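S.K.: Sending over structure00.pdb (PDB, C-alpha atoms and all ligand atoms).
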ATOM      1  CA  MET Y 215     128.000  80.114 119.202  1.00  0.00           C
ATOM      2  CA  ALA Y 216     126.207  79.147 122.412  1.00  0.00           C
ATOM      3  CA  GLU Y 217     128.371  77.543 125.151  1.00  0.00           C
ATOM      4  CA  SER Y 218     126.187  74.496 125.688  1.00  0.00           C
ATOM      5  CA  ALA Y 219     123.793  72.736 123.348  1.00  0.00           C
ATOM      6  CA  SER Y 220     121.331  72.238 126.210  1.00  0.00           C
ATOM      7  CA  THR Y 221     120.901  75.993 126.700  1.00  0.00           C
ATOM      8  CA  ALA Y 222     120.715  76.850 123.001  1.00  0.00           C
ATOM      9  CA  PRO Y 223     117.384  76.666 121.211  1.00  0.00           C
ATOM     10  CA  ALA Y 224     117.163  73.782 118.749  1.00  0.00           C
ATOM     11  CA  VAL Y 225     117.152  74.895 115.139  1.00  0.00           C
ATOM     12  CA  ASP Y 226     116.213  71.901 113.027  1.00  0.00           C
ATOM     13  CA  PHE Y 227     114.475  71.776 109.655  1.00  0.00           C
ATOM     14  CA  VAL Y 228     114.706  67.988 109.337  1.00  0.00           C
ATOM     15  CA  GLY Y 229     113.315  66.583 112.615  1.00  0.00           C
ATOM     16  CA  GLY Y 230     111.151  68.006 115.390  1.00  0.00           C
ATOM     17  CA  ALA Y 231     108.037  70.081 114.900  1.00  0.00           C
ATOM     18  CA  VAL Y 232     109.278  71.820 111.743  1.00  0.00           C
ATOM     19  CA  GLY Y 233     110.260  68.539 110.070  1.00  0.00           C
ATOM     20  CA  TYR Y 234     106.934  66.979 111.013  1.00  0.00           C
ATOM     21  CA  ARG Y 235     104.980  69.958 109.665  1.00  0.00           C
ATOM     22  CA  PHE Y 236     106.928  69.726 106.415  1.00  0.00           C
ATOM     23  CA  ARG Y 237     106.518  65.969 105.930  1.00  0.00           C
ATOM     24  CA  SER Y 238     102.823  65.979 106.870  1.00  0.00           C
ATOM     25  CA  GLN Y 239     102.184  69.117 104.789  1.00  0.00           C
ATOM     26  CA  ALA Y 240     100.227  70.454 107.774  1.00  0.00           C
ATOM     27  CA  GLY Y 241     101.585  73.932 107.065  1.00  0.00           C
ATOM     28  CA  ARG Y 242      99.554  74.339 103.881  1.00  0.00           C
ATOM     29  CA  SER Y 243      96.706  76.025 105.744  1.00  0.00           C
ATOM     30  CA  HIS Y 244      98.922  78.146 108.018  1.00  0.00           C
ATOM     31  CA  ALA Y 245      97.678  81.694 108.614  1.00  0.00           C
ATOM     32  CA  LEU Y 246     101.128  83.076 107.696  1.00  0.00           C
ATOM     33  CA  LEU Y 247     100.526  81.983 104.089  1.00  0.00           C
ATOM     34  CA  LYS Y 248      97.223  83.825 103.989  1.00  0.00           C
ATOM     35  CA  ALA Y 249      98.792  86.896 105.573  1.00  0.00           C
ATOM     36  CA  THR Y 250     101.721  87.015 103.143  1.00  0.00           C
ATOM     37  CA  GLY Y 251      99.842  85.811 100.056  1.00  0.00           C
ATOM     38  CA  VAL Y 252     102.492  83.132  99.418  1.00  0.00           C
ATOM     39  CA  SER Y 253     101.371  79.903  97.718  1.00  0.00           C
ATOM     40  CA  PRO Y 254     102.944  77.455  95.274  1.00  0.00           C
ATOM     41  CA  ALA Y 255     101.077  79.386  92.559  1.00  0.00           C
ATOM     42  CA  ARG Y 256     102.428  82.735  93.878  1.00  0.00           C
ATOM     43  CA  PRO Y 257     106.089  82.189  94.782  1.00  0.00           C
ATOM     44  CA  LEU Y 258     106.843  85.690  96.050  1.00  0.00           C
ATOM     45  CA  HIS Y 259     110.098  87.188  97.341  1.00  0.00           C
ATOM     46  CA  VAL Y 260     109.819  87.602 101.100  1.00  0.00           C
ATOM     47  CA  VAL Y 261     112.268  89.324 103.427  1.00  0.00           C
ATOM     48  CA  ASP Y 262     111.978  87.811 106.900  1.00  0.00           C
ATOM     49  CA  ALA Y 263     113.378  90.709 108.935  1.00  0.00           C
ATOM     50  CA  THR Y 264     113.455  88.719 112.204  1.00  0.00           C
ATOM     51  CA  ALA Y 265     114.733  85.271 111.245  1.00  0.00           C
ATOM     52  CA  GLY Y 266     115.060  83.752 114.760  1.00  0.00           C
ATOM     53  CA  LEU Y 267     114.749  79.965 114.525  1.00  0.00           C
ATOM     54  CA  GLY Y 268     113.900  80.197 110.815  1.00  0.00           C
ATOM     55  CA  ARG Y 269     110.583  78.368 111.140  1.00  0.00           C
ATOM     56  CA  ASP Y 270     108.429  80.929 109.377  1.00  0.00           C
ATOM     57  CA  ALA Y 271     111.036  81.411 106.661  1.00  0.00           C
ATOM     58  CA  PHE Y 272     111.239  77.656 106.082  1.00  0.00           C
ATOM     59  CA  LEU Y 273     107.452  77.366 105.818  1.00  0.00           C
ATOM     60  CA  LEU Y 274     107.376  80.165 103.235  1.00  0.00           C
ATOM     61  CA  ALA Y 275     110.292  78.689 101.263  1.00  0.00           C
ATOM     62  CA  SER Y 276     108.678  75.224 101.341  1.00  0.00           C
ATOM     63  CA  MET Y 277     105.651  76.832  99.639  1.00  0.00           C
ATOM     64  CA  GLY Y 278     107.865  78.147  96.855  1.00  0.00           C
ATOM     65  CA  ALA Y 279     108.795  81.618  98.133  1.00  0.00           C
ATOM     66  CA  THR Y 280     112.313  82.986  97.810  1.00  0.00           C
ATOM     67  CA  VAL Y 281     113.194  84.150 101.311  1.00  0.00           C
ATOM     68  CA  THR Y 282     115.918  86.489 102.531  1.00  0.00           C
ATOM     69  CA  LEU Y 283     116.387  86.026 106.274  1.00  0.00           C
ATOM     70  CA  ILE Y 284     117.911  88.722 108.489  1.00  0.00           C
ATOM     71  CA  GLU Y 285     119.160  87.954 111.990  1.00  0.00           C
ATOM     72  CA  ARG Y 286     121.183  90.358 114.124  1.00  0.00           C
ATOM     73  CA  VAL Y 287     122.196  88.211 117.113  1.00  0.00           C
ATOM     74  CA  PRO Y 288     125.443  86.427 116.166  1.00  0.00           C
ATOM     75  CA  GLU Y 289     124.711  83.249 118.172  1.00  0.00           C
ATOM     76  CA  VAL Y 290     121.259  82.863 116.590  1.00  0.00           C
ATOM     77  CA  HIS Y 291     122.645  83.614 113.129  1.00  0.00           C
ATOM     78  CA  ALA Y 292     125.291  80.879 113.641  1.00  0.00           C
ATOM     79  CA  LEU Y 293     122.718  78.305 114.821  1.00  0.00           C
ATOM     80  CA  LEU Y 294     120.546  79.085 111.839  1.00  0.00           C
ATOM     81  CA  ALA Y 295     123.430  78.889 109.344  1.00  0.00           C
ATOM     82  CA  GLU Y 296     124.403  75.496 110.752  1.00  0.00           C
ATOM     83  CA  ALA Y 297     120.826  74.154 110.567  1.00  0.00           C
ATOM     84  CA  LEU Y 298     120.395  75.358 106.986  1.00  0.00           C
ATOM     85  CA  GLU Y 299     123.593  73.560 105.938  1.00  0.00           C
ATOM     86  CA  ALA Y 300     122.514  70.367 107.743  1.00  0.00           C
ATOM     87  CA  ALA Y 301     119.142  70.393 105.977  1.00  0.00           C
ATOM     88  CA  ARG Y 302     120.749  71.095 102.581  1.00  0.00           C
ATOM     89  CA  SER Y 303     122.623  67.804 102.671  1.00  0.00           C
ATOM     90  CA  GLU Y 304     119.618  65.782 103.885  1.00  0.00           C
ATOM     91  CA  SER Y 305     117.709  65.358 100.603  1.00  0.00           C
ATOM     92  CA  ASP Y 306     117.335  66.886  97.153  1.00  0.00           C
ATOM     93  CA  GLU Y 307     113.898  68.195  98.120  1.00  0.00           C
ATOM     94  CA  LEU Y 308     115.259  69.987 101.193  1.00  0.00           C
ATOM     95  CA  ALA Y 309     118.259  71.225  99.205  1.00  0.00           C
ATOM     96  CA  GLY Y 310     115.820  72.857  96.767  1.00  0.00           C
ATOM     97  CA  ILE Y 311     114.014  74.647  99.594  1.00  0.00           C
ATOM     98  CA  ILE Y 312     117.203  75.736 101.364  1.00  0.00           C
ATOM     99  CA  GLY Y 313     118.450  76.966  97.979  1.00  0.00           C
ATOM    100  CA  ARG Y 314     115.650  79.558  98.058  1.00  0.00           C
ATOM    101  CA  MET Y 315     116.721  80.805 101.508  1.00  0.00           C
ATOM    102  CA  THR Y 316     119.485  83.413 101.887  1.00  0.00           C
ATOM    103  CA  LEU Y 317     120.625  84.235 105.404  1.00  0.00           C
ATOM    104  CA  LEU Y 318     122.078  87.655 106.200  1.00  0.00           C
ATOM    105  CA  HIS Y 319     123.688  88.815 109.409  1.00  0.00           C
ATOM    106  CA  GLY Y 320     122.759  92.351 110.404  1.00  0.00           C
ATOM    107  CA  ASP Y 321     120.140  94.674 111.760  1.00  0.00           C
ATOM    108  CA  ALA Y 322     117.048  94.787 109.578  1.00  0.00           C
ATOM    109  CA  ARG Y 323     116.488  98.449 110.470  1.00  0.00           C
ATOM    110  CA  ALA Y 324     119.679  99.252 108.546  1.00  0.00           C
ATOM    111  CA  LEU Y 325     119.316  96.635 105.790  1.00  0.00           C
ATOM    112  CA  LEU Y 326     115.668  97.088 104.776  1.00  0.00           C
ATOM    113  CA  PRO Y 327     116.161 100.505 103.133  1.00  0.00           C
ATOM    114  CA  THR Y 328     118.634  98.844 100.717  1.00  0.00           C
ATOM    115  CA  MET Y 329     116.326  95.966  99.752  1.00  0.00           C
ATOM    116  CA  GLN Y 330     113.378  95.235  97.479  1.00  0.00           C
ATOM    117  CA  ALA Y 331     110.759  92.554  98.178  1.00  0.00           C
ATOM    118  CA  ASP Y 332     107.141  91.595  97.592  1.00  0.00           C
ATOM    119  CA  VAL Y 333     106.576  91.070 101.320  1.00  0.00           C
ATOM    120  CA  ILE Y 334     108.442  91.865 104.548  1.00  0.00           C
ATOM    121  CA  THR Y 335     107.598  89.790 107.618  1.00  0.00           C
ATOM    122  CA  ILE Y 336     108.334  90.909 111.176  1.00  0.00           C
ATOM    123  CA  ASP Y 337     108.090  88.625 114.193  1.00  0.00           C
ATOM    124  CA  PRO Y 338     109.982  90.246 117.064  1.00  0.00           C
ATOM    125  CA  MET Y 339     110.314  88.736 120.526  1.00  0.00           C
ATOM    126  CA  HIS Y 340     106.849  89.351 121.909  1.00  0.00           C
ATOM    127  CA  PRO Y 341     106.203  91.103 125.214  1.00  0.00           C
ATOM    128  CA  PRO Y 342     106.396  88.554 128.079  1.00  0.00           C
ATOM    129  CA  ARG Y 343     103.160  86.685 128.721  1.00  0.00           C
ATOM    130  CA  THR Y 344     101.745  86.389 132.213  1.00  0.00           C
ATOM    131  CA  LYS Y 345     101.143  82.656 131.670  1.00  0.00           C
ATOM    132  CA  THR Y 346     104.802  81.762 131.117  1.00  0.00           C
ATOM    133  CA  ALA Y 347     103.987  78.050 130.823  1.00  0.00           C
ATOM    134  CA  LEU Y 348     102.327  78.850 127.516  1.00  0.00           C
ATOM    135  CA  VAL Y 349     105.603  80.002 126.018  1.00  0.00           C
ATOM    136  CA  LYS Y 350     107.242  77.082 124.277  1.00  0.00           C
ATOM    137  CA  GLN Y 351     110.642  75.849 125.467  1.00  0.00           C
ATOM    138  CA  GLU Y 352     112.503  76.875 122.286  1.00  0.00           C
ATOM    139  CA  MET Y 353     111.110  80.408 122.488  1.00  0.00           C
ATOM    140  CA  ARG Y 354     112.159  80.633 126.162  1.00  0.00           C
ATOM    141  CA  LEU Y 355     115.704  79.603 125.242  1.00  0.00           C
ATOM    142  CA  LEU Y 356     115.702  82.070 122.347  1.00  0.00           C
ATOM    143  CA  ARG Y 357     114.547  84.825 124.666  1.00  0.00           C
ATOM    144  CA  ASP Y 358     117.431  84.008 127.060  1.00  0.00           C
ATOM    145  CA  LEU Y 359     119.826  84.493 124.139  1.00  0.00           C
ATOM    146  CA  VAL Y 360     118.222  87.505 122.487  1.00  0.00           C
ATOM    147  CA  GLY Y 361     116.471  89.408 125.267  1.00  0.00           C
ATOM    148  CA  ALA Y 362     113.559  91.674 124.444  1.00  0.00           C
ATOM    149  CA  ASP Y 363     113.236  93.412 121.076  1.00  0.00           C
ATOM    150  CA  LEU Y 364     112.458  96.875 122.392  1.00  0.00           C
ATOM    151  CA  ASP Y 365     112.967  98.596 119.038  1.00  0.00           C
ATOM    152  CA  VAL Y 366     110.052  96.956 117.220  1.00  0.00           C
ATOM    153  CA  ALA Y 367     108.426 100.322 116.437  1.00  0.00           C
ATOM    154  CA  GLU Y 368     111.594 101.419 114.613  1.00  0.00           C
ATOM    155  CA  LEU Y 369     111.754  98.129 112.715  1.00  0.00           C
ATOM    156  CA  LEU Y 370     108.105  98.413 111.699  1.00  0.00           C
ATOM    157  CA  ALA Y 371     108.650 101.980 110.493  1.00  0.00           C
ATOM    158  CA  ALA Y 372     111.676 100.849 108.425  1.00  0.00           C
ATOM    159  CA  ALA Y 373     109.621  98.048 106.876  1.00  0.00           C
ATOM    160  CA  LEU Y 374     106.694 100.341 106.071  1.00  0.00           C
ATOM    161  CA  SER Y 375     108.937 102.753 104.207  1.00  0.00           C
ATOM    162  CA  ALA Y 376     110.856 100.009 102.354  1.00  0.00           C
ATOM    163  CA  ASP Y 377     110.387  99.075  98.705  1.00  0.00           C
ATOM    164  CA  CYS Y 378     107.771  96.349  99.136  1.00  0.00           C
ATOM    165  CA  ARG Y 379     104.063  95.775  98.565  1.00  0.00           C
ATOM    166  CA  ARG Y 380     103.086  94.217 101.877  1.00  0.00           C
ATOM    167  CA  VAL Y 381     104.324  94.166 105.468  1.00  0.00           C
ATOM    168  CA  VAL Y 382     103.150  91.473 107.894  1.00  0.00           C
ATOM    169  CA  LEU Y 383     103.632  91.856 111.651  1.00  0.00           C
ATOM    170  CA  LYS Y 384     103.126  88.770 113.860  1.00  0.00           C
ATOM    171  CA  TRP Y 385     102.011  89.867 117.306  1.00  0.00           C
ATOM    172  CA  PRO Y 386     100.257  88.376 120.361  1.00  0.00           C
ATOM    173  CA  LEU Y 387      96.520  88.173 119.727  1.00  0.00           C
ATOM    174  CA  ARG Y 388      95.433  90.478 122.519  1.00  0.00           C
ATOM    175  CA  ALA Y 389      98.479  92.723 122.995  1.00  0.00           C
ATOM    176  CA  ALA Y 390      98.330  96.405 122.058  1.00  0.00           C
ATOM    177  CA  ALA Y 391      99.966  96.944 118.673  1.00  0.00           C
ATOM    178  CA  PRO Y 392     103.358  98.660 118.645  1.00  0.00           C
ATOM    179  CA  PRO Y 393     103.233 102.293 117.473  1.00  0.00           C
ATOM    180  CA  ALA Y 394     103.135 102.432 113.660  1.00  0.00           C
ATOM    181  CA  PRO Y 395     103.021 105.233 111.083  1.00  0.00           C
ATOM    182  CA  ARG Y 396      99.746 103.813 109.755  1.00  0.00           C
ATOM    183  CA  LYS Y 397      97.034 101.334 110.629  1.00  0.00           C
ATOM    184  CA  PRO Y 398      97.021  97.783 109.284  1.00  0.00           C
ATOM    185  CA  SER Y 399      94.834  97.157 106.240  1.00  0.00           C
ATOM    186  CA  HIS Y 400      93.486  94.016 107.891  1.00  0.00           C
ATOM    187  CA  GLN Y 401      94.220  91.397 110.525  1.00  0.00           C
ATOM    188  CA  ILE Y 402      94.315  87.621 110.446  1.00  0.00           C
ATOM    189  CA  ALA Y 403      93.756  86.134 113.891  1.00  0.00           C
ATOM    190  CA  GLY Y 404      94.950  82.766 115.155  1.00  0.00           C
ATOM    191  CA  LYS Y 405      94.504  81.184 118.589  1.00  0.00           C
ATOM    192  CA  THR Y 406      97.317  83.058 120.323  1.00  0.00           C
ATOM    193  CA  VAL Y 407      98.815  85.344 117.690  1.00  0.00           C
ATOM    194  CA  ARG Y 408      97.514  87.626 115.005  1.00  0.00           C
ATOM    195  CA  TYR Y 409      98.988  88.915 111.771  1.00  0.00           C
ATOM    196  CA  ASP Y 410      98.649  92.652 111.178  1.00  0.00           C
ATOM    197  CA  VAL Y 411      98.837  93.106 107.402  1.00  0.00           C
ATOM    198  CA  PHE Y 412      99.843  96.442 105.864  1.00  0.00           C
ATOM    199  CA  VAL Y 413      99.153  96.492 102.134  1.00  0.00           C
ATOM    200  CA  ARG Y 414     100.633  99.342 100.131  1.00  0.00           C
ATOM    201  CA  SER Y 415      97.924 101.073  98.197  1.00  0.00           C
ATOM    202  CA  GLN Y 416      98.493 101.117  94.453  1.00  0.00           C
ATOM    203  CA  PRO Y 417      99.493 104.468  92.987  1.00  0.00           C
ATOM    204  CA  ALA Y 418      96.487 106.306  91.521  1.00  0.00           C
ATOM    205  CA  ALA Y 419      95.870 105.405  87.864  1.00  0.00           C
ATOM    206  CA  GLU Y 420      97.033 107.919  85.268  1.00  0.00           C
ATOM    207  CA  PRO Y 421      94.044 109.834  83.880  1.00  0.00           C
ATOM    208  CA  THR Y 422      93.012 108.535  80.464  1.00  0.00           C
ATOM    209  CA  ALA Y 423      90.909 110.116  77.741  1.00  0.00           C
ATOM    210  CA  ARG Y 424      87.916 108.141  79.117  1.00  0.00           C
ATOM    211  CA  ASN Y 425      88.105 109.170  82.780  1.00  0.00           C
ATOM    212  CA  VAL Y 426      89.156 112.844  82.573  1.00  0.00           C
TER     213      VAL Y 426
HETATM  214  C1  LIG P 501     110.587  85.729 117.867  1.00  0.00           C
HETATM  215  S1  LIG P 501     112.090  85.510 117.005  1.00  0.00           S
HETATM  216  C2  LIG P 501     111.562  85.152 115.364  1.00  0.00           C
HETATM  217  C3  LIG P 501     111.102  83.742 115.213  1.00  0.00           C
HETATM  218  C4  LIG P 501     110.913  83.370 113.743  1.00  0.00           C
HETATM  219  N1  LIG P 501     109.774  84.042 113.154  1.00  0.00           N
HETATM  220  C5  LIG P 501     110.782  81.881 113.550  1.00  0.00           C
HETATM  221  O1  LIG P 501     109.886  81.449 112.805  1.00  0.00           O
HETATM  222  O2  LIG P 501     111.589  81.128 114.118  1.00  0.00           O
HETATM  223  C6  LIG P 501     112.736  87.133 116.804  1.00  0.00           C
HETATM  224  C7  LIG P 501     114.141  87.174 116.220  1.00  0.00           C
HETATM  225  O3  LIG P 501     114.290  88.403 115.514  1.00  0.00           O
HETATM  226  C8  LIG P 501     115.566  88.926 115.753  1.00  0.00           C
HETATM  227  N2  LIG P 501     115.470  90.396 115.545  1.00  0.00           N
HETATM  228  C9  LIG P 501     114.708  91.272 116.216  1.00  0.00           C
HETATM  229  N3  LIG P 501     114.856  92.510 115.740  1.00  0.00           N
HETATM  230  C10 LIG P 501     115.752  92.416 114.715  1.00  0.00           C
HETATM  231  C11 LIG P 501     116.315  93.376 113.814  1.00  0.00           C
HETATM  232  N4  LIG P 501     116.019  94.675 113.898  1.00  0.00           N
HETATM  233  N5  LIG P 501     117.168  92.928 112.875  1.00  0.00           N
HETATM  234  C12 LIG P 501     117.493  91.604 112.788  1.00  0.00           C
HETATM  235  N6  LIG P 501     117.010  90.657 113.634  1.00  0.00           N
HETATM  236  C13 LIG P 501     116.137  91.054 114.584  1.00  0.00           C
HETATM  237  C14 LIG P 501     115.851  88.523 117.188  1.00  0.00           C
HETATM  238  O4  LIG P 501     117.246  88.532 117.439  1.00  0.00           O
HETATM  239  C15 LIG P 501     115.253  87.122 117.251  1.00  0.00           C
HETATM  240  O5  LIG P 501     116.177  86.142 116.915  1.00  0.00           O
END
So, in terms of structure tokens, how does the structure I just supplied come out?
Ligand SMILES: C[S@@+](CC[C@H](N)C(=O)[O-])C[C@H]1O[C@@H](n2cnc3c(N)ncnc32)[C@H](O)[C@@H]1O

M.R.:
Amino acid sequence: MAESASTAPAVDFVGGAVGYRFRSQAGRSHALLKATGVSPARPLHVVDATAGLGRDAFLLASMGATVTLIERVPEVHALLAEALEAARSESDELAGIIGRMTLLHGDARALLPTMQADVITIDPMHPPRTKTALVKQEMRLLRDLVGADLDVAELLAAALSADCRRVVLKWPLRAAAPPAPRKPSHQIAGKTVRYDVFVRSQPAAEPTARNV
């Protein structure tokens, strides 16, 4: 657990920006939903391999997805576990959402080969920006706790060989992509970040009497 609350990033699903987005339903048009394919009509199972402050996972779970969150830094895992419990007791609606979120402590590079999911999302600490003022306060505090995620290429490779249909990498809009075993199928661009989407191609259809 972090020594002082003032130097720990705030993880809060009830108040703040996440709570506001939830109450106002402003997240319904979020690019992450398009990138993952999650919607209330398609409540997929997502593994969030880089849980962090849990914001993306909460958005996905609030749209009906079942989300397994993986976080390897003990202090961040503890903050997240605490915030999930606080939200669970806030209302029945939040309890329902938190009930679809399962938090694991560990390194996703080791855990992904043992898991099955519809979608894996990866949002590592991004390379430092030159305009540091643009980096939000919570992300700065998280970076102080976590440092840089220098093994993103390994994580991406683990995700791309895991048992899942789609991998989504969130990355700064203009930064060079981390090395990957294959190219993304498509990209969804936002103002400052983009989502590189890797869709697994369907296995070739068995020949039938008609098409042989
Ligand atoms: C930028 S934050 C993710 C923010 C998150 N998407 C959100 O919505 O709050 C990246 C987090 O991923 C974690 N992380 C990076 N690589 C990881 C790995 N291989 N396994 C587990 N956690 C990892 C870091 O410790 C950090 O907390």

S.K.: Return as a compact mmCIF listing (two decimals) with C-alpha atoms, in the frame of the given file every polymer residue, whether protein, DNA or RNA, with at least one atom no more than 6 Å from an atom of ligand LIG 501 (chain P); count all atoms listed in the file.

M.R.:
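Written output follows (pocket.txt):
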# COMPACT_ATOMS: atom_id res chain seq x y z
CA ALA Y 263 113.38 90.71 108.94
CA THR Y 264 113.46 88.72 112.20
CA ALA Y 265 114.73 85.27 111.24
CA GLY Y 266 115.06 83.75 114.76
CA LEU Y 267 114.75 79.96 114.52
CA GLY Y 268 113.90 80.20 110.82
CA ARG Y 269 110.58 78.37 111.14
CA ASP Y 270 108.43 80.93 109.38
CA ILE Y 284 117.91 88.72 108.49
CA GLU Y 285 119.16 87.95 111.99
CA ARG Y 286 121.18 90.36 114.12
CA VAL Y 287 122.20 88.21 117.11
CA GLY Y 320 122.76 92.35 110.40
CA ASP Y 321 120.14 94.67 111.76
CA ALA Y 322 117.05 94.79 109.58
CA ARG Y 323 116.49 98.45 110.47
CA ASP Y 337 108.09 88.62 114.19
CA PRO Y 338 109.98 90.25 117.06
CA MET Y 339 110.31 88.74 120.53
CA VAL Y 360 118.22 87.50 122.49
CA ASP Y 363 113.24 93.41 121.08
CA LEU Y 369 111.75 98.13 112.72

S.K.: List, as number ranges by chain, every residue that the PyMOL selection byres (((chain Y and resi 372-376) around 9) and not hetatm) selects in the file provided.

M.R.: Y: 263, 322-324, 326-331, 334-336, 367-371, 377-381, 394-396, 412, 414

S.K.: List as a PyMOL selection string: which residues have an atom within 12 Å of (108.5, 68.4, 105.1), counting all atoms listed in the file?

M.R.: chain Y and resi 226-242+269+272-277+301+304-312

S.K.: Quick one: what's the axis-aligned box for segment 305-321 of chain Y, all listed atoms, 5 Å on every side, centre and edges in Å to one decimal, as JSON?

M.R.:
{"center_x": 118.8, "center_y": 80.0, "center_z": 104.3, "size_x": 19.8, "size_y": 39.3, "size_z": 25.0}

S.K.: With distances taken over all atoms listed in the file, which of Y:Ala300, Y:Leu356, Y:Val281, Y:Leu317 is nearest to Ala224 of chain Y?

M.R.: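 Looking at the shortest contact to Ala224 of chain Y, the residue is Y:Leu356.
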
S.K.: Please provide the set of residues having any atom within 12 Å of Leu359 of chain Y, restricted to all atoms listed in the file, with same-chain residues fewer than 2 positions apart removed, written as a ChimeraX atom specification.

M.R.: /Y:215-218,221-223,266-267,286-291,293,339,352-357,361-363

S.K.: Keeping only C-alpha atoms, take the residues you just selected and write them out as a PDB file, in the frame of the given file.

M.R.:
ATOM      1  CA  MET Y 215     128.000  80.114 119.202  1.00  0.00           C
ATOM      2  CA  ALA Y 216     126.207  79.147 122.412  1.00  0.00           C
ATOM      3  CA  GLU Y 217     128.371  77.543 125.151  1.00  0.00           C
ATOM      4  CA  SER Y 218     126.187  74.496 125.688  1.00  0.00           C
ATOM      5  CA  THR Y 221     120.901  75.993 126.700  1.00  0.00           C
ATOM      6  CA  ALA Y 222     120.715  76.850 123.001  1.00  0.00           C
ATOM      7  CA  PRO Y 223     117.384  76.666 121.211  1.00  0.00           C
ATOM      8  CA  GLY Y 266     115.060  83.752 114.760  1.00  0.00           C
ATOM      9  CA  LEU Y 267     114.749  79.965 114.525  1.00  0.00           C
ATOM     10  CA  ARG Y 286     121.183  90.358 114.124  1.00  0.00           C
ATOM     11  CA  VAL Y 287     122.196  88.211 117.113  1.00  0.00           C
ATOM     12  CA  PRO Y 288     125.443  86.427 116.166  1.00  0.00           C
ATOM     13  CA  GLU Y 289     124.711  83.249 118.172  1.00  0.00           C
ATOM     14  CA  VAL Y 290     121.259  82.863 116.590  1.00  0.00           C
ATOM     15  CA  HIS Y 291     122.645  83.614 113.129  1.00  0.00           C
ATOM     16  CA  LEU Y 293     122.718  78.305 114.821  1.00  0.00           C
ATOM     17  CA  MET Y 339     110.314  88.736 120.526  1.00  0.00           C
ATOM     18  CA  GLU Y 352     112.503  76.875 122.286  1.00  0.00           C
ATOM     19  CA  MET Y 353     111.110  80.408 122.488  1.00  0.00           C
ATOM     20  CA  ARG Y 354     112.159  80.633 126.162  1.00  0.00           C
ATOM     21  CA  LEU Y 355     115.704  79.603 125.242  1.00  0.00           C
ATOM     22  CA  LEU Y 356     115.702  82.070 122.347  1.00  0.00           C
ATOM     23  CA  ARG Y 357     114.547  84.825 124.666  1.00  0.00           C
ATOM     24  CA  GLY Y 361     116.471  89.408 125.267  1.00  0.00           C
ATOM     25  CA  ALA Y 362     113.559  91.674 124.444  1.00  0.00           C
ATOM     26  CA  ASP Y 363     113.236  93.412 121.076  1.00  0.00           C
TER      27      ASP Y 363
END

S.K.: Tell me which protein, DNA and RNA residues are within 8 Å of Thr280 of chain Y, counting all atoms listed in the file, leaving out same-chain ones fewer than 4 positions away, and put them as a list in words.

M.R.: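 Here the answer would be Pro257, Leu258, His259, Val260, Leu274, Ala275, Arg314 and Met315 of chain Y.
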
S.K.: Since we have the selection now, will you write its residues out, keeping C-alpha atoms, as a PDB file, in the frame of the given file?

M.R.:
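The new file result31.pdb reads:
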ATOM      1  CA  PRO Y 257     106.089  82.189  94.782  1.00  0.00           C
ATOM      2  CA  LEU Y 258     106.843  85.690  96.050  1.00  0.00           C
ATOM      3  CA  HIS Y 259     110.098  87.188  97.341  1.00  0.00           C
ATOM      4  CA  VAL Y 260     109.819  87.602 101.100  1.00  0.00           C
ATOM      5  CA  LEU Y 274     107.376  80.165 103.235  1.00  0.00           C
ATOM      6  CA  ALA Y 275     110.292  78.689 101.263  1.00  0.00           C
ATOM      7  CA  ARG Y 314     115.650  79.558  98.058  1.00  0.00           C
ATOM      8  CA  MET Y 315     116.721  80.805 101.508  1.00  0.00           C
TER       9      MET Y 315
END

S.K.: Which residue is closest to Ala271 of chain Y? Choose from Y:Ala390, Y:Ala255, Y:Leu247, Y:Leu325 and count only C-alpha atoms.

M.R.: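 Looking at the shortest contact to Ala271 of chain Y, the residue is Y:Leu247.
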
S.K.: For atom CA of Ile402 of chain Y and atom CA of Val252 of chain Y, determine how far apart the two atoms are, in Å to one decimal place.

M.R.: 14.4 Å

S.K.: Please, could N, CA and C atoms be added to segment 232-239 of chain Y and the result written as a CSV table (one decimal), in the coordinates of the input?

M.R.:
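Below is the file that was written, part29.csv:
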chain,number,residue,atom,x,y,z
Y,232,VAL,N,109.2,71.2,113.1
Y,232,VAL,CA,109.3,71.8,111.7
Y,232,VAL,C,109.3,70.7,110.7
Y,233,GLY,N,110.2,69.7,111.0
Y,233,GLY,CA,110.3,68.5,110.1
Y,233,GLY,C,108.9,67.8,109.9
Y,234,TYR,N,108.2,67.7,111.1
Y,234,TYR,CA,106.9,67.0,111.0
Y,234,TYR,C,105.9,67.8,110.2
Y,235,ARG,N,105.9,69.1,110.4
Y,235,ARG,CA,105.0,70.0,109.7
Y,235,ARG,C,105.3,69.9,108.2
Y,236,PHE,N,106.5,69.8,107.8
Y,236,PHE,CA,106.9,69.7,106.4
Y,236,PHE,C,106.5,68.4,105.8
Y,237,ARG,N,106.8,67.3,106.5
Y,237,ARG,CA,106.5,66.0,105.9
Y,237,ARG,C,105.0,65.7,105.8
Y,238,SER,N,104.3,66.2,106.9
Y,238,SER,CA,102.8,66.0,106.9
Y,238,SER,C,102.1,67.0,106.0
Y,239,GLN,N,102.8,68.0,105.6
Y,239,GLN,CA,102.2,69.1,104.8
Y,239,GLN,C,101.1,69.9,105.6
